[in-house]
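Chemist: Contents of query-v3.pdb (PDB, C-alpha atoms) are below:
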MODEL        1
ATOM      1  CA  MET V   1     -65.662 -30.528 -56.696  1.00  0.00           C
ATOM      2  CA  THR V   2     -65.157 -27.066 -58.179  1.00  0.00           C
ATOM      3  CA  PRO V   3     -66.467 -26.710 -61.735  1.00  0.00           C
ATOM      4  CA  LEU V   4     -64.018 -25.582 -64.390  1.00  0.00           C
ATOM      5  CA  PHE V   5     -66.637 -23.479 -66.152  1.00  0.00           C
ATOM      6  CA  THR V   6     -69.431 -21.334 -64.813  1.00  0.00           C
ATOM      7  CA  ALA V   7     -72.956 -21.032 -66.113  1.00  0.00           C
ATOM      8  CA  ALA V   8     -71.983 -17.570 -67.344  1.00  0.00           C
ATOM      9  CA  PHE V   9     -69.284 -19.136 -69.538  1.00  0.00           C
ATOM     10  CA  PHE V  10     -71.871 -21.350 -71.241  1.00  0.00           C
ATOM     11  CA  ASP V  11     -74.356 -18.515 -71.561  1.00  0.00           C
ATOM     12  CA  ALA V  12     -71.754 -16.222 -73.126  1.00  0.00           C
ATOM     13  CA  ASN V  13     -70.493 -18.895 -75.510  1.00  0.00           C
ATOM     14  CA  HIS V  14     -73.700 -20.626 -76.540  1.00  0.00           C
ATOM     15  CA  GLY V  15     -73.022 -22.650 -79.670  1.00  0.00           C
ATOM     16  CA  SER V  16     -69.238 -22.325 -79.391  1.00  0.00           C
ATOM     17  CA  ALA V  17     -68.521 -23.318 -75.775  1.00  0.00           C
ATOM     18  CA  TYR V  18     -66.667 -26.494 -76.797  1.00  0.00           C
ATOM     19  CA  TYR V  19     -64.234 -24.632 -79.031  1.00  0.00           C
ATOM     20  CA  LYS V  20     -63.727 -21.772 -76.553  1.00  0.00           C
ATOM     21  CA  ALA V  21     -62.985 -24.231 -73.745  1.00  0.00           C
ATOM     22  CA  LEU V  22     -60.679 -26.304 -75.905  1.00  0.00           C
ATOM     23  CA  ALA V  23     -58.734 -23.211 -76.942  1.00  0.00           C
ATOM     24  CA  GLN V  24     -58.233 -22.217 -73.301  1.00  0.00           C
ATOM     25  CA  PHE V  25     -56.475 -25.506 -72.587  1.00  0.00           C
ATOM     26  CA  GLU V  26     -54.974 -26.548 -75.902  1.00  0.00           C
ATOM     27  CA  LYS V  27     -52.666 -23.599 -76.599  1.00  0.00           C
ATOM     28  CA  PRO V  28     -50.959 -23.584 -73.170  1.00  0.00           C
ATOM     29  CA  LEU V  29     -50.628 -27.386 -73.337  1.00  0.00           C
ATOM     30  CA  LEU V  30     -48.994 -27.275 -76.766  1.00  0.00           C
ATOM     31  CA  ARG V  31     -46.685 -24.419 -75.721  1.00  0.00           C
ATOM     32  CA  GLU V  32     -45.575 -26.230 -72.562  1.00  0.00           C
ATOM     33  CA  VAL V  33     -44.833 -29.536 -74.266  1.00  0.00           C
ATOM     34  CA  LEU V  34     -42.848 -27.738 -76.985  1.00  0.00           C
ATOM     35  CA  ILE V  35     -40.787 -25.941 -74.360  1.00  0.00           C
ATOM     36  CA  ARG V  36     -40.127 -29.190 -72.481  1.00  0.00           C
ATOM     37  CA  CYS V  37     -39.086 -30.863 -75.734  1.00  0.00           C
ATOM     38  CA  HIS V  38     -36.865 -27.923 -76.751  1.00  0.00           C
ATOM     39  CA  GLY V  39     -38.955 -27.371 -79.887  1.00  0.00           C
ATOM     40  CA  ASN V  40     -38.763 -31.005 -81.027  1.00  0.00           C
ATOM     41  CA  GLN V  41     -42.188 -31.427 -82.602  1.00  0.00           C
ATOM     42  CA  THR V  42     -41.863 -35.169 -83.125  1.00  0.00           C
ATOM     43  CA  LYS V  43     -41.111 -35.749 -79.439  1.00  0.00           C
ATOM     44  CA  ALA V  44     -43.852 -33.327 -78.342  1.00  0.00           C
ATOM     45  CA  ALA V  45     -46.425 -35.059 -80.543  1.00  0.00           C
ATOM     46  CA  GLU V  46     -45.336 -38.434 -79.191  1.00  0.00           C
ATOM     47  CA  ILE V  47     -45.748 -37.281 -75.573  1.00  0.00           C
ATOM     48  CA  LEU V  48     -49.280 -36.053 -76.307  1.00  0.00           C
ATOM     49  CA  GLY V  49     -50.189 -39.153 -78.296  1.00  0.00           C
ATOM     50  CA  LEU V  50     -50.785 -37.149 -81.464  1.00  0.00           C
ATOM     51  CA  ASN V  51     -49.716 -37.759 -85.024  1.00  0.00           C
ATOM     52  CA  ARG V  52     -46.896 -35.324 -85.872  1.00  0.00           C
ATOM     53  CA  GLY V  53     -48.923 -33.861 -88.746  1.00  0.00           C
ATOM     54  CA  THR V  54     -51.878 -33.222 -86.446  1.00  0.00           C
ATOM     55  CA  PHE V  55     -49.573 -31.679 -83.867  1.00  0.00           C
ATOM     56  CA  ARG V  56     -48.011 -29.432 -86.512  1.00  0.00           C
ATOM     57  CA  LYS V  57     -51.452 -28.332 -87.713  1.00  0.00           C
ATOM     58  CA  LYS V  58     -52.440 -27.416 -84.161  1.00  0.00           C
ATOM     59  CA  ILE V  59     -49.312 -25.379 -83.426  1.00  0.00           C
ATOM     60  CA  ILE V  60     -49.812 -23.458 -86.672  1.00  0.00           C
ATOM     61  CA  GLN V  61     -53.484 -22.912 -85.808  1.00  0.00           C
ATOM     62  CA  HIS V  62     -52.460 -21.470 -82.420  1.00  0.00           C
ATOM     63  CA  LYS V  63     -49.561 -19.503 -83.975  1.00  0.00           C
ATOM     64  CA  LEU V  64     -46.986 -21.345 -81.870  1.00  0.00           C
ATOM     65  CA  HIS V  65     -44.783 -22.498 -84.761  1.00  0.00           C
ATOM     66  CA  LYS V  66     -42.850 -19.217 -84.724  1.00  0.00           C
ATOM     67  CA  GLU V  67     -42.948 -18.733 -80.962  1.00  0.00           C
ATOM     68  CA  VAL V  68     -41.103 -21.853 -79.779  1.00  0.00           C
ATOM     69  CA  ASN V  69     -37.995 -23.165 -81.536  1.00  0.00           C
TER      70      ASN V  69
ENDMDL
END
Can you present the structure in this file as structure tokens?
Modeler:
Amino acid sequence: MTPLFTAAFFDANHGSAYYKALAQFEKPLLREVLIRCHGNQTKAAEILGLNRGTFRKKIIQHKLHKEVN
């Protein structure tokens, strides 16, 4: 099994590795589900199993609310 992250990743991001890793996956995931749902945030949140408010907060955090409509 190939690891997703190298030792260098953890060394370079000591103390913030969780958030750096999450950001690498979360933004592309949110963007893709929004595209597939044609910008419908309610449907996108439902697919991901998130509350719509939480989903909205995350797309604002990742600056996707203006990118995908």
Chemist: Which distance in Å separates atom CA of Phe5 of chain V and atom CA of Glu26 of chain V, to one decimal?
Modeler: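 Atom CA of Glu26 of chain V lies 15.5 Å from atom CA of Phe5 of chain V.
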Chemist: Kindly resolve the PyMOL selection byres ((chain V and resi 45-55) around 12) on the present coordinates and return the residues as a list of chain:residue names.
Modeler: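 Residues picked by the PyMOL selection byres ((chain V and resi 45-55) around 12): V:Glu26, V:Lys27, V:Leu29, V:Leu30, V:Arg31, V:Glu32, V:Val33, V:Leu34, V:Arg36, V:Cys37, V:Gly39, V:Asn40, V:Gln41, V:Thr42, V:Lys43, V:Ala44, V:Arg56, V:Lys57, V:Lys58, V:Ile59, V:Ile60, V:Gln61, V:His62, V:Leu64, V:His65.
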Chemist: As JSON, please: the centre and edge lengths in Å, to one decimal, of an axis-aligned box enclosing every listed atom of segment 8-12 of chain V with 8 Å added on each side.
Modeler:
{"center_x": -71.8, "center_y": -18.8, "center_z": -70.2, "size_x": 21.1, "size_y": 21.1, "size_z": 21.8}
Chemist: Please identify all polymer residues within 10 Å of segment 7-11 of chain V, counting all atoms listed in the file, omitting same-chain residues fewer than 5 positions from it, and present them as a list in words.
Modeler: Ser16, Ala17, Tyr18, Lys20 and Ala21 of chain V
Chemist: Work out how far apart atom CA of Leu4 of chain V and atom CA of Ile35 of chain V are and give it in Å to one decimal.
Modeler: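 Between these atoms lies a distance of 25.3 Å.
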